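Undergrad: Dropping in final-v2.pdb, which is PDB, C-alpha atoms and all ligand atoms:
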ATOM      1  CA  MET A   3      92.518  88.558 131.477  1.00  0.00           C
ATOM      2  CA  GLN A   4      90.657  89.263 128.275  1.00  0.00           C
ATOM      3  CA  ASP A   5      91.059  91.634 125.392  1.00  0.00           C
ATOM      4  CA  THR A   6      87.467  92.535 124.532  1.00  0.00           C
ATOM      5  CA  THR A   7      86.086  94.557 121.618  1.00  0.00           C
ATOM      6  CA  LYS A   8      85.563  97.376 124.119  1.00  0.00           C
ATOM      7  CA  HIS A   9      89.290  97.385 124.930  1.00  0.00           C
ATOM      8  CA  GLN A  10      90.116  97.281 121.227  1.00  0.00           C
ATOM      9  CA  GLY A  11      87.850 100.257 120.583  1.00  0.00           C
ATOM     10  CA  LEU A  12      89.462 102.268 123.388  1.00  0.00           C
ATOM     11  CA  ARG A  13      92.856 101.366 121.970  1.00  0.00           C
ATOM     12  CA  ARG A  14      91.860 102.628 118.528  1.00  0.00           C
ATOM     13  CA  GLN A  15      90.866 105.955 120.100  1.00  0.00           C
ATOM     14  CA  LEU A  16      94.204 106.112 121.901  1.00  0.00           C
ATOM     15  CA  ILE A  17      96.041 105.455 118.627  1.00  0.00           C
ATOM     16  CA  ASP A  18      94.108 108.294 116.963  1.00  0.00           C
ATOM     17  CA  LEU A  19      95.171 110.561 119.828  1.00  0.00           C
ATOM     18  CA  LEU A  20      98.833 109.522 119.459  1.00  0.00           C
ATOM     19  CA  ARG A  21      98.614 110.327 115.752  1.00  0.00           C
ATOM     20  CA  GLU A  22      97.130 113.760 116.574  1.00  0.00           C
ATOM     21  CA  LYS A  23      99.966 114.344 119.025  1.00  0.00           C
ATOM     22  CA  GLY A  24     102.473 113.816 116.228  1.00  0.00           C
ATOM     23  CA  ILE A  25     103.411 110.126 116.133  1.00  0.00           C
ATOM     24  CA  THR A  26     103.802 109.239 112.465  1.00  0.00           C
ATOM     25  CA  SER A  27     105.353 105.755 112.283  1.00  0.00           C
ATOM     26  CA  THR A  28     102.626 103.444 111.018  1.00  0.00           C
ATOM     27  CA  ARG A  29     104.546 100.402 112.310  1.00  0.00           C
ATOM     28  CA  VAL A  30     104.713 101.833 115.836  1.00  0.00           C
ATOM     29  CA  LEU A  31     101.019 102.794 115.803  1.00  0.00           C
ATOM     30  CA  GLU A  32     100.069  99.397 114.394  1.00  0.00           C
ATOM     31  CA  VAL A  33     101.971  97.515 117.091  1.00  0.00           C
ATOM     32  CA  MET A  34     100.559  99.741 119.839  1.00  0.00           C
ATOM     33  CA  SER A  35      97.055  99.105 118.528  1.00  0.00           C
ATOM     34  CA  GLN A  36      97.708  95.403 119.131  1.00  0.00           C
ATOM     35  CA  VAL A  37      99.278  95.425 122.608  1.00  0.00           C
ATOM     36  CA  PRO A  38      96.632  95.335 125.378  1.00  0.00           C
ATOM     37  CA  ARG A  39      98.002  97.916 127.827  1.00  0.00           C
ATOM     38  CA  HIS A  40      95.434  96.847 130.432  1.00  0.00           C
ATOM     39  CA  PHE A  41      97.325  93.545 130.846  1.00  0.00           C
ATOM     40  CA  PHE A  42     100.274  95.546 132.203  1.00  0.00           C
ATOM     41  CA  MET A  43      98.389  97.787 134.643  1.00  0.00           C
ATOM     42  CA  ASP A  44      97.769  97.323 138.346  1.00  0.00           C
ATOM     43  CA  PRO A  45      94.383  95.595 138.891  1.00  0.00           C
ATOM     44  CA  GLY A  46      92.856  98.703 140.489  1.00  0.00           C
ATOM     45  CA  LEU A  47      93.763 100.881 137.514  1.00  0.00           C
ATOM     46  CA  VAL A  48      92.815  98.754 134.491  1.00  0.00           C
ATOM     47  CA  ASN A  49      89.934 101.094 133.637  1.00  0.00           C
ATOM     48  CA  PHE A  50      92.485 103.823 132.961  1.00  0.00           C
ATOM     49  CA  ALA A  51      94.660 101.713 130.650  1.00  0.00           C
ATOM     50  CA  TYR A  52      93.707 103.692 127.551  1.00  0.00           C
ATOM     51  CA  VAL A  53      94.079 107.119 129.101  1.00  0.00           C
ATOM     52  CA  ASP A  54      97.265 108.760 127.816  1.00  0.00           C
ATOM     53  CA  GLN A  55      98.966 109.001 131.201  1.00  0.00           C
ATOM     54  CA  ALA A  56     101.618 107.286 133.295  1.00  0.00           C
ATOM     55  CA  PHE A  57     100.221 105.279 136.239  1.00  0.00           C
ATOM     56  CA  PRO A  58     101.746 103.750 139.358  1.00  0.00           C
ATOM     57  CA  ILE A  59     102.886 100.118 139.262  1.00  0.00           C
ATOM     58  CA  ALA A  60     104.670  98.184 142.036  1.00  0.00           C
ATOM     59  CA  ALA A  61     107.794  99.389 143.887  1.00  0.00           C
ATOM     60  CA  ASP A  62     106.934 103.106 143.486  1.00  0.00           C
ATOM     61  CA  GLN A  63     107.562 102.965 139.737  1.00  0.00           C
ATOM     62  CA  THR A  64     105.301 103.880 136.813  1.00  0.00           C
ATOM     63  CA  ILE A  65     104.085 102.429 133.555  1.00  0.00           C
ATOM     64  CA  SER A  66     105.148 105.035 130.980  1.00  0.00           C
ATOM     65  CA  GLN A  67     102.589 107.242 129.272  1.00  0.00           C
ATOM     66  CA  PRO A  68     101.536 105.741 125.903  1.00  0.00           C
ATOM     67  CA  TYR A  69     102.674 108.910 124.094  1.00  0.00           C
ATOM     68  CA  THR A  70     106.130 108.533 125.673  1.00  0.00           C
ATOM     69  CA  VAL A  71     106.290 104.853 124.684  1.00  0.00           C
ATOM     70  CA  ALA A  72     105.299 105.752 121.119  1.00  0.00           C
ATOM     71  CA  PHE A  73     107.767 108.662 120.993  1.00  0.00           C
ATOM     72  CA  GLN A  74     110.733 106.679 122.294  1.00  0.00           C
ATOM     73  CA  THR A  75     109.912 103.697 120.073  1.00  0.00           C
ATOM     74  CA  GLU A  76     109.649 105.933 117.023  1.00  0.00           C
ATOM     75  CA  LEU A  77     113.050 107.498 117.811  1.00  0.00           C
ATOM     76  CA  LEU A  78     114.626 104.039 117.901  1.00  0.00           C
ATOM     77  CA  ALA A  79     113.798 103.440 114.213  1.00  0.00           C
ATOM     78  CA  LEU A  80     113.759  99.716 114.918  1.00  0.00           C
ATOM     79  CA  LYS A  81     114.262  97.033 112.317  1.00  0.00           C
ATOM     80  CA  PRO A  82     113.412  93.350 112.883  1.00  0.00           C
ATOM     81  CA  GLU A  83     117.093  92.311 112.754  1.00  0.00           C
ATOM     82  CA  HIS A  84     118.140  94.774 115.473  1.00  0.00           C
ATOM     83  CA  LYS A  85     119.418  93.584 118.827  1.00  0.00           C
ATOM     84  CA  VAL A  86     117.896  95.820 121.479  1.00  0.00           C
ATOM     85  CA  LEU A  87     118.558  96.537 125.144  1.00  0.00           C
ATOM     86  CA  GLU A  88     115.800  98.095 127.239  1.00  0.00           C
ATOM     87  CA  ILE A  89     116.879  99.488 130.598  1.00  0.00           C
ATOM     88  CA  GLY A  90     113.926  99.591 133.018  1.00  0.00           C
ATOM     89  CA  THR A  91     111.533  96.698 132.291  1.00  0.00           C
ATOM     90  CA  GLY A  92     108.964  98.024 134.771  1.00  0.00           C
ATOM     91  CA  SER A  93     105.485  96.794 133.841  1.00  0.00           C
ATOM     92  CA  GLY A  94     106.758  95.192 130.640  1.00  0.00           C
ATOM     93  CA  TYR A  95     104.452  97.286 128.434  1.00  0.00           C
ATOM     94  CA  GLN A  96     107.274  98.960 126.516  1.00  0.00           C
ATOM     95  CA  THR A  97     108.997  95.570 126.189  1.00  0.00           C
ATOM     96  CA  ALA A  98     105.832  94.139 124.611  1.00  0.00           C
ATOM     97  CA  VAL A  99     105.770  97.007 122.107  1.00  0.00           C
ATOM     98  CA  LEU A 100     109.452  96.415 121.256  1.00  0.00           C
ATOM     99  CA  LEU A 101     108.753  92.700 120.773  1.00  0.00           C
ATOM    100  CA  GLY A 102     106.210  93.637 118.118  1.00  0.00           C
ATOM    101  CA  LEU A 103     109.074  95.171 116.134  1.00  0.00           C
ATOM    102  CA  SER A 104     112.037  92.854 116.796  1.00  0.00           C
ATOM    103  CA  PRO A 105     112.417  89.443 118.445  1.00  0.00           C
ATOM    104  CA  ASN A 106     115.888  90.333 119.794  1.00  0.00           C
ATOM    105  CA  ILE A 107     114.938  92.165 122.958  1.00  0.00           C
ATOM    106  CA  TYR A 108     117.003  92.157 126.162  1.00  0.00           C
ATOM    107  CA  THR A 109     115.459  93.930 129.142  1.00  0.00           C
ATOM    108  CA  ILE A 110     116.832  94.677 132.594  1.00  0.00           C
ATOM    109  CA  GLU A 111     115.110  95.784 135.822  1.00  0.00           C
ATOM    110  CA  ARG A 112     116.703  96.629 139.187  1.00  0.00           C
ATOM    111  CA  GLN A 113     113.567  96.300 141.382  1.00  0.00           C
ATOM    112  CA  GLN A 114     113.265  92.641 142.254  1.00  0.00           C
ATOM    113  CA  GLU A 115     109.540  92.774 142.956  1.00  0.00           C
ATOM    114  CA  LEU A 116     108.839  94.205 139.506  1.00  0.00           C
ATOM    115  CA  PHE A 117     111.320  91.902 137.812  1.00  0.00           C
ATOM    116  CA  LYS A 118     109.577  88.825 139.241  1.00  0.00           C
ATOM    117  CA  LYS A 119     106.071  90.081 138.594  1.00  0.00           C
ATOM    118  CA  THR A 120     106.773  91.107 135.005  1.00  0.00           C
ATOM    119  CA  GLN A 121     108.702  87.937 134.224  1.00  0.00           C
ATOM    120  CA  ARG A 122     105.625  85.951 135.310  1.00  0.00           C
ATOM    121  CA  LEU A 123     103.386  88.159 133.194  1.00  0.00           C
ATOM    122  CA  PHE A 124     105.582  87.642 130.119  1.00  0.00           C
ATOM    123  CA  SER A 125     105.299  83.869 130.389  1.00  0.00           C
ATOM    124  CA  LYS A 126     101.556  84.075 130.995  1.00  0.00           C
ATOM    125  CA  LEU A 127     101.138  86.200 127.860  1.00  0.00           C
ATOM    126  CA  GLY A 128     103.561  84.095 125.803  1.00  0.00           C
ATOM    127  CA  LEU A 129     105.932  87.047 125.344  1.00  0.00           C
ATOM    128  CA  ARG A 130     109.527  85.939 124.895  1.00  0.00           C
ATOM    129  CA  PRO A 131     112.249  88.544 125.176  1.00  0.00           C
ATOM    130  CA  LYS A 132     115.709  86.999 124.542  1.00  0.00           C
ATOM    131  CA  ARG A 133     116.544  87.707 128.191  1.00  0.00           C
ATOM    132  CA  VAL A 134     114.794  89.339 131.148  1.00  0.00           C
ATOM    133  CA  ILE A 135     117.480  90.296 133.620  1.00  0.00           C
ATOM    134  CA  PHE A 136     117.352  91.282 137.273  1.00  0.00           C
ATOM    135  CA  GLY A 137     120.087  93.824 137.900  1.00  0.00           C
ATOM    136  CA  ASP A 138     121.455  97.327 137.578  1.00  0.00           C
ATOM    137  CA  GLY A 139     121.411  98.461 133.954  1.00  0.00           C
ATOM    138  CA  TYR A 140     123.055 101.825 134.632  1.00  0.00           C
ATOM    139  CA  LYS A 141     126.159 100.617 132.864  1.00  0.00           C
ATOM    140  CA  GLY A 142     124.262  98.623 130.272  1.00  0.00           C
ATOM    141  CA  LEU A 143     124.755  94.901 129.755  1.00  0.00           C
ATOM    142  CA  PRO A 144     128.396  94.439 128.675  1.00  0.00           C
ATOM    143  CA  GLU A 145     128.170  90.642 128.493  1.00  0.00           C
ATOM    144  CA  GLU A 146     125.583  90.865 125.677  1.00  0.00           C
ATOM    145  CA  ALA A 147     126.930  93.984 123.927  1.00  0.00           C
ATOM    146  CA  PRO A 148     127.040  95.367 121.288  1.00  0.00           C
ATOM    147  CA  PHE A 149     123.449  96.432 120.698  1.00  0.00           C
ATOM    148  CA  ASP A 150     121.949  98.097 117.631  1.00  0.00           C
ATOM    149  CA  ARG A 151     119.564  99.976 119.867  1.00  0.00           C
ATOM    150  CA  ILE A 152     119.559 100.891 123.560  1.00  0.00           C
ATOM    151  CA  LEU A 153     116.448 102.364 125.146  1.00  0.00           C
ATOM    152  CA  VAL A 154     116.473 103.838 128.655  1.00  0.00           C
ATOM    153  CA  THR A 155     112.991 104.179 130.155  1.00  0.00           C
ATOM    154  CA  ALA A 156     114.003 106.022 133.344  1.00  0.00           C
ATOM    155  CA  GLY A 157     115.419 109.533 133.734  1.00  0.00           C
ATOM    156  CA  ALA A 158     119.233 109.517 133.769  1.00  0.00           C
ATOM    157  CA  PRO A 159     120.853 112.309 135.827  1.00  0.00           C
ATOM    158  CA  GLU A 160     123.644 112.347 133.233  1.00  0.00           C
ATOM    159  CA  LEU A 161     124.719 110.317 130.219  1.00  0.00           C
ATOM    160  CA  PRO A 162     126.203 106.943 131.268  1.00  0.00           C
ATOM    161  CA  LYS A 163     129.190 106.783 128.885  1.00  0.00           C
ATOM    162  CA  GLU A 164     129.264 102.984 129.064  1.00  0.00           C
ATOM    163  CA  LEU A 165     126.030 102.857 127.098  1.00  0.00           C
ATOM    164  CA  LEU A 166     127.625 104.578 124.096  1.00  0.00           C
ATOM    165  CA  GLN A 167     130.428 102.030 124.189  1.00  0.00           C
ATOM    166  CA  GLN A 168     127.899  99.219 123.835  1.00  0.00           C
ATOM    167  CA  LEU A 169     126.485 100.426 120.503  1.00  0.00           C
ATOM    168  CA  THR A 170     127.191  98.821 117.117  1.00  0.00           C
ATOM    169  CA  PRO A 171     128.315 101.055 114.214  1.00  0.00           C
ATOM    170  CA  ASN A 172     125.218 103.151 113.323  1.00  0.00           C
ATOM    171  CA  GLY A 173     123.714 102.095 116.659  1.00  0.00           C
ATOM    172  CA  LYS A 174     121.316 104.396 118.500  1.00  0.00           C
ATOM    173  CA  LEU A 175     120.788 105.198 122.178  1.00  0.00           C
ATOM    174  CA  VAL A 176     117.510 106.840 123.200  1.00  0.00           C
ATOM    175  CA  ILE A 177     117.698 108.229 126.727  1.00  0.00           C
ATOM    176  CA  PRO A 178     115.886 110.893 128.766  1.00  0.00           C
ATOM    177  CA  ILE A 179     118.506 113.022 130.553  1.00  0.00           C
ATOM    178  CA  GLY A 180     117.882 115.332 133.492  1.00  0.00           C
ATOM    179  CA  THR A 181     116.884 115.320 137.145  1.00  0.00           C
ATOM    180  CA  LYS A 182     113.570 117.095 137.767  1.00  0.00           C
ATOM    181  CA  GLU A 183     112.607 116.992 134.136  1.00  0.00           C
ATOM    182  CA  GLN A 184     114.344 115.201 131.293  1.00  0.00           C
ATOM    183  CA  LYS A 185     115.292 116.087 127.742  1.00  0.00           C
ATOM    184  CA  MET A 186     114.754 113.227 125.353  1.00  0.00           C
ATOM    185  CA  MET A 187     118.107 112.586 123.701  1.00  0.00           C
ATOM    186  CA  ARG A 188     119.171 110.368 120.832  1.00  0.00           C
ATOM    187  CA  PHE A 189     122.800 109.457 120.196  1.00  0.00           C
ATOM    188  CA  THR A 190     123.774 107.790 116.921  1.00  0.00           C
ATOM    189  CA  LYS A 191     127.199 106.226 116.483  1.00  0.00           C
ATOM    190  CA  THR A 192     128.455 107.577 113.162  1.00  0.00           C
ATOM    191  CA  ALA A 193     132.092 106.438 113.418  1.00  0.00           C
ATOM    192  CA  GLU A 194     134.420 104.962 116.030  1.00  0.00           C
ATOM    193  CA  LYS A 195     133.946 107.111 119.184  1.00  0.00           C
ATOM    194  CA  ILE A 196     131.897 109.658 117.205  1.00  0.00           C
ATOM    195  CA  PHE A 197     128.263 110.242 118.041  1.00  0.00           C
ATOM    196  CA  ASP A 198     125.626 112.429 116.499  1.00  0.00           C
ATOM    197  CA  LYS A 199     123.542 113.986 119.295  1.00  0.00           C
ATOM    198  CA  GLU A 200     119.905 115.106 118.937  1.00  0.00           C
ATOM    199  CA  SER A 201     117.491 116.559 121.480  1.00  0.00           C
ATOM    200  CA  PHE A 202     113.675 116.225 121.429  1.00  0.00           C
ATOM    201  CA  GLY A 203     111.612 118.082 124.024  1.00  0.00           C
ATOM    202  CA  ASN A 204     110.901 117.543 127.708  1.00  0.00           C
ATOM    203  CA  PHE A 205     109.509 114.507 129.489  1.00  0.00           C
ATOM    204  CA  ARG A 206     109.121 113.286 133.066  1.00  0.00           C
ATOM    205  CA  PHE A 207     110.393 109.883 134.138  1.00  0.00           C
ATOM    206  CA  VAL A 208     111.088 108.096 137.414  1.00  0.00           C
ATOM    207  CA  PRO A 209     114.836 108.252 138.090  1.00  0.00           C
ATOM    208  CA  LEU A 210     117.416 105.885 136.637  1.00  0.00           C
ATOM    209  CA  LEU A 211     119.126 104.702 139.809  1.00  0.00           C
ATOM    210  CA  SER A 212     122.480 103.033 140.153  1.00  0.00           C
ATOM    211  CA  ASN A 213     123.306 100.483 142.824  1.00  0.00           C
ATOM    212  CA  LYS A 214     126.574 102.371 143.266  1.00  0.00           C
ATOM    213  CA  ASN A 215     124.860 105.644 144.262  1.00  0.00           C
TER     214      ASN A 215
HETATM  215  N1  LIG B 301     109.294 100.617 130.450  1.00  0.00           N
HETATM  216  C1  LIG B 301     108.621 100.679 131.720  1.00  0.00           C
HETATM  217  C2  LIG B 301     109.005 101.937 132.469  1.00  0.00           C
HETATM  218  C3  LIG B 301     108.963 101.718 133.921  1.00  0.00           C
HETATM  219  S1  LIG B 301     109.554 103.075 134.872  1.00  0.00           S
HETATM  220  C4  LIG B 301     107.114 100.623 131.574  1.00  0.00           C
HETATM  221  O1  LIG B 301     106.577 101.161 130.587  1.00  0.00           O
HETATM  222  O2  LIG B 301     106.450 100.090 132.450  1.00  0.00           O
HETATM  223  C5  LIG B 301     111.315 102.842 134.803  1.00  0.00           C
HETATM  224  C6  LIG B 301     111.830 101.552 135.354  1.00  0.00           C
HETATM  225  O3  LIG B 301     113.257 101.634 135.355  1.00  0.00           O
HETATM  226  C7  LIG B 301     111.422 101.260 136.801  1.00  0.00           C
HETATM  227  O4  LIG B 301     110.811 100.007 136.858  1.00  0.00           O
HETATM  228  C8  LIG B 301     112.750 101.275 137.561  1.00  0.00           C
HETATM  229  O5  LIG B 301     112.812 100.362 138.639  1.00  0.00           O
HETATM  230  C9  LIG B 301     113.733 100.910 136.460  1.00  0.00           C
HETATM  231  N2  LIG B 301     115.124 101.306 136.712  1.00  0.00           N
HETATM  232  C10 LIG B 301     115.598 102.450 137.287  1.00  0.00           C
HETATM  233  N3  LIG B 301     116.939 102.441 137.328  1.00  0.00           N
HETATM  234  C11 LIG B 301     117.344 101.258 136.777  1.00  0.00           C
HETATM  235  C12 LIG B 301     118.619 100.646 136.555  1.00  0.00           C
HETATM  236  N4  LIG B 301     119.763 101.241 136.923  1.00  0.00           N
HETATM  237  N5  LIG B 301     118.657  99.437 135.967  1.00  0.00           N
HETATM  238  C13 LIG B 301     117.506  98.798 135.588  1.00  0.00           C
HETATM  239  N6  LIG B 301     116.276  99.322 135.787  1.00  0.00           N
HETATM  240  C14 LIG B 301     116.182 100.535 136.374  1.00  0.00           C
END
Could you quickly redo this structure as structure tokens?
TA:
Amino acid sequence: MQDTTKHQGLRRQLIDLLREKGITSTRVLEVMSQVPRHFFMDPGLVNFAYVDQAFPIAADQTISQPYTVAFQTELLALKPEHKVLEIGTGSGYQTAVLLGLSPNIYTIERQQELFKKTQRLFSKLGLRPKRVIFGDGYKGLPEEAPFDRILVTAGAPELPKELLQQLTPNGKLVIPIGTKEQKMMRFTKTAEKIFDKESFGNFRFVPLLSNKN
């Protein structure tokens, strides 16, 4: 796979569009201008990599829309020293964007086919999350907690309380909540067992599933 000047040009146009749509973080836009989304797409869809839409990947899942990736990443307000958990590795595109902002990324995926495929892709591209885990992230990753940031990239039917418990003081959880459509929510831990709750518009995600359901 190659990242040609044509791809780079298309990516610049996409970044301009994200800016027009309201993404303001220069760090997020800069990192997204460097990550070749076409590396993370299904072979038959690479020509659409710089269209601002979600597309199918393996196991009936989707690679998130670039705007959604930018929006969620911006809400995380990531710093390089933050330890981050991503729930829903999927194509690995969002993981690659996170890795541009912090080296301490843990990512978990419950579809084995995707887990294997994306793990291979990471090594091929030289991307090194701290851990890529096959498993159910519905209840987070207690053995590695606490995290400064937790990002859920699938639609949660309700808030999994365990995720709040795995945040550091001042930690943030960004999670889309809802069934048919999701509200983007951000929870910030302001004191022991106290969370500030913010809501940011509607999005559509594939469902966050639990092995227990
Ligand atoms: N960040 C990904 C989004 C993929 S879609 C990308 O941009 O490509 C959401 C992913 O969450 C799917 O791959 C789905 O299998 C995964 N998922 C759903 N429920 C999960 C759970 N309980 N634990 C871990 N992953 C889950």
Undergrad: Taking the file above as input, evaluate the PyMOL selection byres (((chain A and resi 9-12) around 12) and not hetatm) and report the hits as a PDB file with C-alpha atoms, in the coordinates of the input.
TA:
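File produced: out21.pdb:
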ATOM      1  CA  MET A   3      92.518  88.558 131.477  1.00  0.00           C
ATOM      2  CA  GLN A   4      90.657  89.263 128.275  1.00  0.00           C
ATOM      3  CA  ASP A   5      91.059  91.634 125.392  1.00  0.00           C
ATOM      4  CA  THR A   6      87.467  92.535 124.532  1.00  0.00           C
ATOM      5  CA  THR A   7      86.086  94.557 121.618  1.00  0.00           C
ATOM      6  CA  LYS A   8      85.563  97.376 124.119  1.00  0.00           C
ATOM      7  CA  ARG A  13      92.856 101.366 121.970  1.00  0.00           C
ATOM      8  CA  ARG A  14      91.860 102.628 118.528  1.00  0.00           C
ATOM      9  CA  GLN A  15      90.866 105.955 120.100  1.00  0.00           C
ATOM     10  CA  LEU A  16      94.204 106.112 121.901  1.00  0.00           C
ATOM     11  CA  ILE A  17      96.041 105.455 118.627  1.00  0.00           C
ATOM     12  CA  ASP A  18      94.108 108.294 116.963  1.00  0.00           C
ATOM     13  CA  LEU A  19      95.171 110.561 119.828  1.00  0.00           C
ATOM     14  CA  MET A  34     100.559  99.741 119.839  1.00  0.00           C
ATOM     15  CA  SER A  35      97.055  99.105 118.528  1.00  0.00           C
ATOM     16  CA  GLN A  36      97.708  95.403 119.131  1.00  0.00           C
ATOM     17  CA  VAL A  37      99.278  95.425 122.608  1.00  0.00           C
ATOM     18  CA  PRO A  38      96.632  95.335 125.378  1.00  0.00           C
ATOM     19  CA  ARG A  39      98.002  97.916 127.827  1.00  0.00           C
ATOM     20  CA  HIS A  40      95.434  96.847 130.432  1.00  0.00           C
ATOM     21  CA  PHE A  41      97.325  93.545 130.846  1.00  0.00           C
ATOM     22  CA  VAL A  48      92.815  98.754 134.491  1.00  0.00           C
ATOM     23  CA  ASN A  49      89.934 101.094 133.637  1.00  0.00           C
ATOM     24  CA  PHE A  50      92.485 103.823 132.961  1.00  0.00           C
ATOM     25  CA  ALA A  51      94.660 101.713 130.650  1.00  0.00           C
ATOM     26  CA  TYR A  52      93.707 103.692 127.551  1.00  0.00           C
ATOM     27  CA  VAL A  53      94.079 107.119 129.101  1.00  0.00           C
ATOM     28  CA  ASP A  54      97.265 108.760 127.816  1.00  0.00           C
TER      29      ASP A  54
END
Undergrad: As an exercise, work out the distance from CA of Leu210 in chain A to CA of Gly157 in chain A in Å and give it to one decimal place.
TA: 5.1 Å
Undergrad: Determine the nearest neighbour of ligand LIG 301 (chain B) from the options A:Ser125, A:Thr170, A:Asn213, A:Gln184, counting only C-alpha atoms and all ligand atoms.
TA: A:Asn213
Undergrad: For a cut-off of 10 Å around (123.8, 112.5, 119.1), file coordinates, pick out all residues using only C-alpha atoms and list them as a list in words.
TA: Lys174, Leu175, Val176, Met187, Arg188, Phe189, Thr190, Lys191, Thr192, Ile196, Phe197, Asp198, Lys199, Glu200 and Ser201 of chain A
Undergrad: With the cut-off set at 8 Å and counting only C-alpha atoms, tabulate each residue of range 102-167 of chain A with an atom at most that distance from an atom of range 84-97 of chain A, showing the nearest atom pair and its distance in Å to one decimal, ordered by chain and increasing number, as a tab-separated table.
TA:
residue	atom	partner	partner_atom	distance
A:Ser104	CA	A:His84	CA	6.5
A:Asn106	CA	A:Lys85	CA	4.9
A:Ile107	CA	A:Val86	CA	4.9
A:Tyr108	CA	A:Leu87	CA	4.8
A:Thr109	CA	A:Glu88	CA	4.6
A:Ile110	CA	A:Ile89	CA	5.2
A:Glu111	CA	A:Gly90	CA	4.9
A:Arg112	CA	A:Gly90	CA	7.4
A:Leu116	CA	A:Gly92	CA	6.1
A:Phe117	CA	A:Gly92	CA	7.2
A:Thr120	CA	A:Ser93	CA	5.9
A:Phe124	CA	A:Gly94	CA	7.7
A:Pro131	CA	A:Thr97	CA	7.8
A:Gly139	CA	A:Ile89	CA	5.7
A:Tyr140	CA	A:Ile89	CA	7.7
A:Gly142	CA	A:Ile89	CA	7.4
A:Leu143	CA	A:Leu87	CA	7.9
A:Phe149	CA	A:Lys85	CA	5.3
A:Asp150	CA	A:Lys85	CA	5.3
A:Arg151	CA	A:Val86	CA	4.8
A:Ile152	CA	A:Leu87	CA	4.7
A:Leu153	CA	A:Glu88	CA	4.8
A:Val154	CA	A:Ile89	CA	4.8
A:Thr155	CA	A:Gly90	CA	5.5
A:Ala156	CA	A:Gly90	CA	6.4
Undergrad: Please write the residues from the selection above to a file, keeping C-alpha atoms, as a PDB file, in the frame of the given file.
TA:
ATOM      1  CA  SER A 104     112.037  92.854 116.796  1.00  0.00           C
ATOM      2  CA  ASN A 106     115.888  90.333 119.794  1.00  0.00           C
ATOM      3  CA  ILE A 107     114.938  92.165 122.958  1.00  0.00           C
ATOM      4  CA  TYR A 108     117.003  92.157 126.162  1.00  0.00           C
ATOM      5  CA  THR A 109     115.459  93.930 129.142  1.00  0.00           C
ATOM      6  CA  ILE A 110     116.832  94.677 132.594  1.00  0.00           C
ATOM      7  CA  GLU A 111     115.110  95.784 135.822  1.00  0.00           C
ATOM      8  CA  ARG A 112     116.703  96.629 139.187  1.00  0.00           C
ATOM      9  CA  LEU A 116     108.839  94.205 139.506  1.00  0.00           C
ATOM     10  CA  PHE A 117     111.320  91.902 137.812  1.00  0.00           C
ATOM     11  CA  THR A 120     106.773  91.107 135.005  1.00  0.00           C
ATOM     12  CA  PHE A 124     105.582  87.642 130.119  1.00  0.00           C
ATOM     13  CA  PRO A 131     112.249  88.544 125.176  1.00  0.00           C
ATOM     14  CA  GLY A 139     121.411  98.461 133.954  1.00  0.00           C
ATOM     15  CA  TYR A 140     123.055 101.825 134.632  1.00  0.00           C
ATOM     16  CA  GLY A 142     124.262  98.623 130.272  1.00  0.00           C
ATOM     17  CA  LEU A 143     124.755  94.901 129.755  1.00  0.00           C
ATOM     18  CA  PHE A 149     123.449  96.432 120.698  1.00  0.00           C
ATOM     19  CA  ASP A 150     121.949  98.097 117.631  1.00  0.00           C
ATOM     20  CA  ARG A 151     119.564  99.976 119.867  1.00  0.00           C
ATOM     21  CA  ILE A 152     119.559 100.891 123.560  1.00  0.00           C
ATOM     22  CA  LEU A 153     116.448 102.364 125.146  1.00  0.00           C
ATOM     23  CA  VAL A 154     116.473 103.838 128.655  1.00  0.00           C
ATOM     24  CA  THR A 155     112.991 104.179 130.155  1.00  0.00           C
ATOM     25  CA  ALA A 156     114.003 106.022 133.344  1.00  0.00           C
TER      26      ALA A 156
END
Undergrad: Output the residue selection produced by the PyMOL selection byres (((chain A and resi 159) around 9) and not hetatm) on the file above, formatted as a compact mmCIF listing (two decimals) with C-alpha atoms, in the coordinates of the input.
TA:
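Final output, saved to out08.txt:
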# COMPACT_ATOMS: atom_id res chain seq x y z
CA GLY A 157 115.42 109.53 133.73
CA ALA A 158 119.23 109.52 133.77
CA GLU A 160 123.64 112.35 133.23
CA LEU A 161 124.72 110.32 130.22
CA PRO A 162 126.20 106.94 131.27
CA PRO A 178 115.89 110.89 128.77
CA ILE A 179 118.51 113.02 130.55
CA GLY A 180 117.88 115.33 133.49
CA THR A 181 116.88 115.32 137.15
CA LYS A 182 113.57 117.10 137.77
CA GLN A 184 114.34 115.20 131.29
CA PRO A 209 114.84 108.25 138.09
CA LEU A 210 117.42 105.88 136.64
CA LEU A 211 119.13 104.70 139.81
Undergrad: In Å, how far is it from CA of Leu78 in chain A to CA of Lys185 in chain A?
TA: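 Computing it gives 15.6 Å between the two atoms.
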Undergrad: By how many Å are CA of Gly128 in chain A and CA of Val99 in chain A apart?
TA: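 Separating CA of Gly128 in chain A from CA of Val99 in chain A is a distance of 13.6 Å.
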Undergrad: Nearest to ligand LIG 301 (chain B) among A:Leu101, A:Ile65, A:Leu20, A:Leu31, with distances taken over all atoms listed in the file: which residue is it?
TA: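 Of all the options, A:Ile65 lies closest to ligand LIG 301 (chain B).
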Undergrad: Considering all atoms listed in the file, can you say which of A:Glu183, A:Glu115, A:Glu164, A:Glu32 comes closest to ligand LIG 301 (chain B)?
TA: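 Of A:Glu183, A:Glu115, A:Glu164, A:Glu32, the one nearest ligand LIG 301 (chain B) is A:Glu115, counting all atoms listed in the file.
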Undergrad: Closest to ligand LIG 301 (chain B) among A:Leu169, A:Leu47, A:Ile25, A:Ala56, using all atoms listed in the file?
TA: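 Among the listed residues, A:Ala56 lies closest to ligand LIG 301 (chain B).
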Undergrad: Find, counting all atoms listed in the file, the residue in A:Pro45, A:Gly137, A:Pro82, A:Gly102 that gets nearest to ligand LIG 301 (chain B).
TA: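 The shortest atom-to-atom distance to ligand LIG 301 (chain B) comes from A:Gly137.
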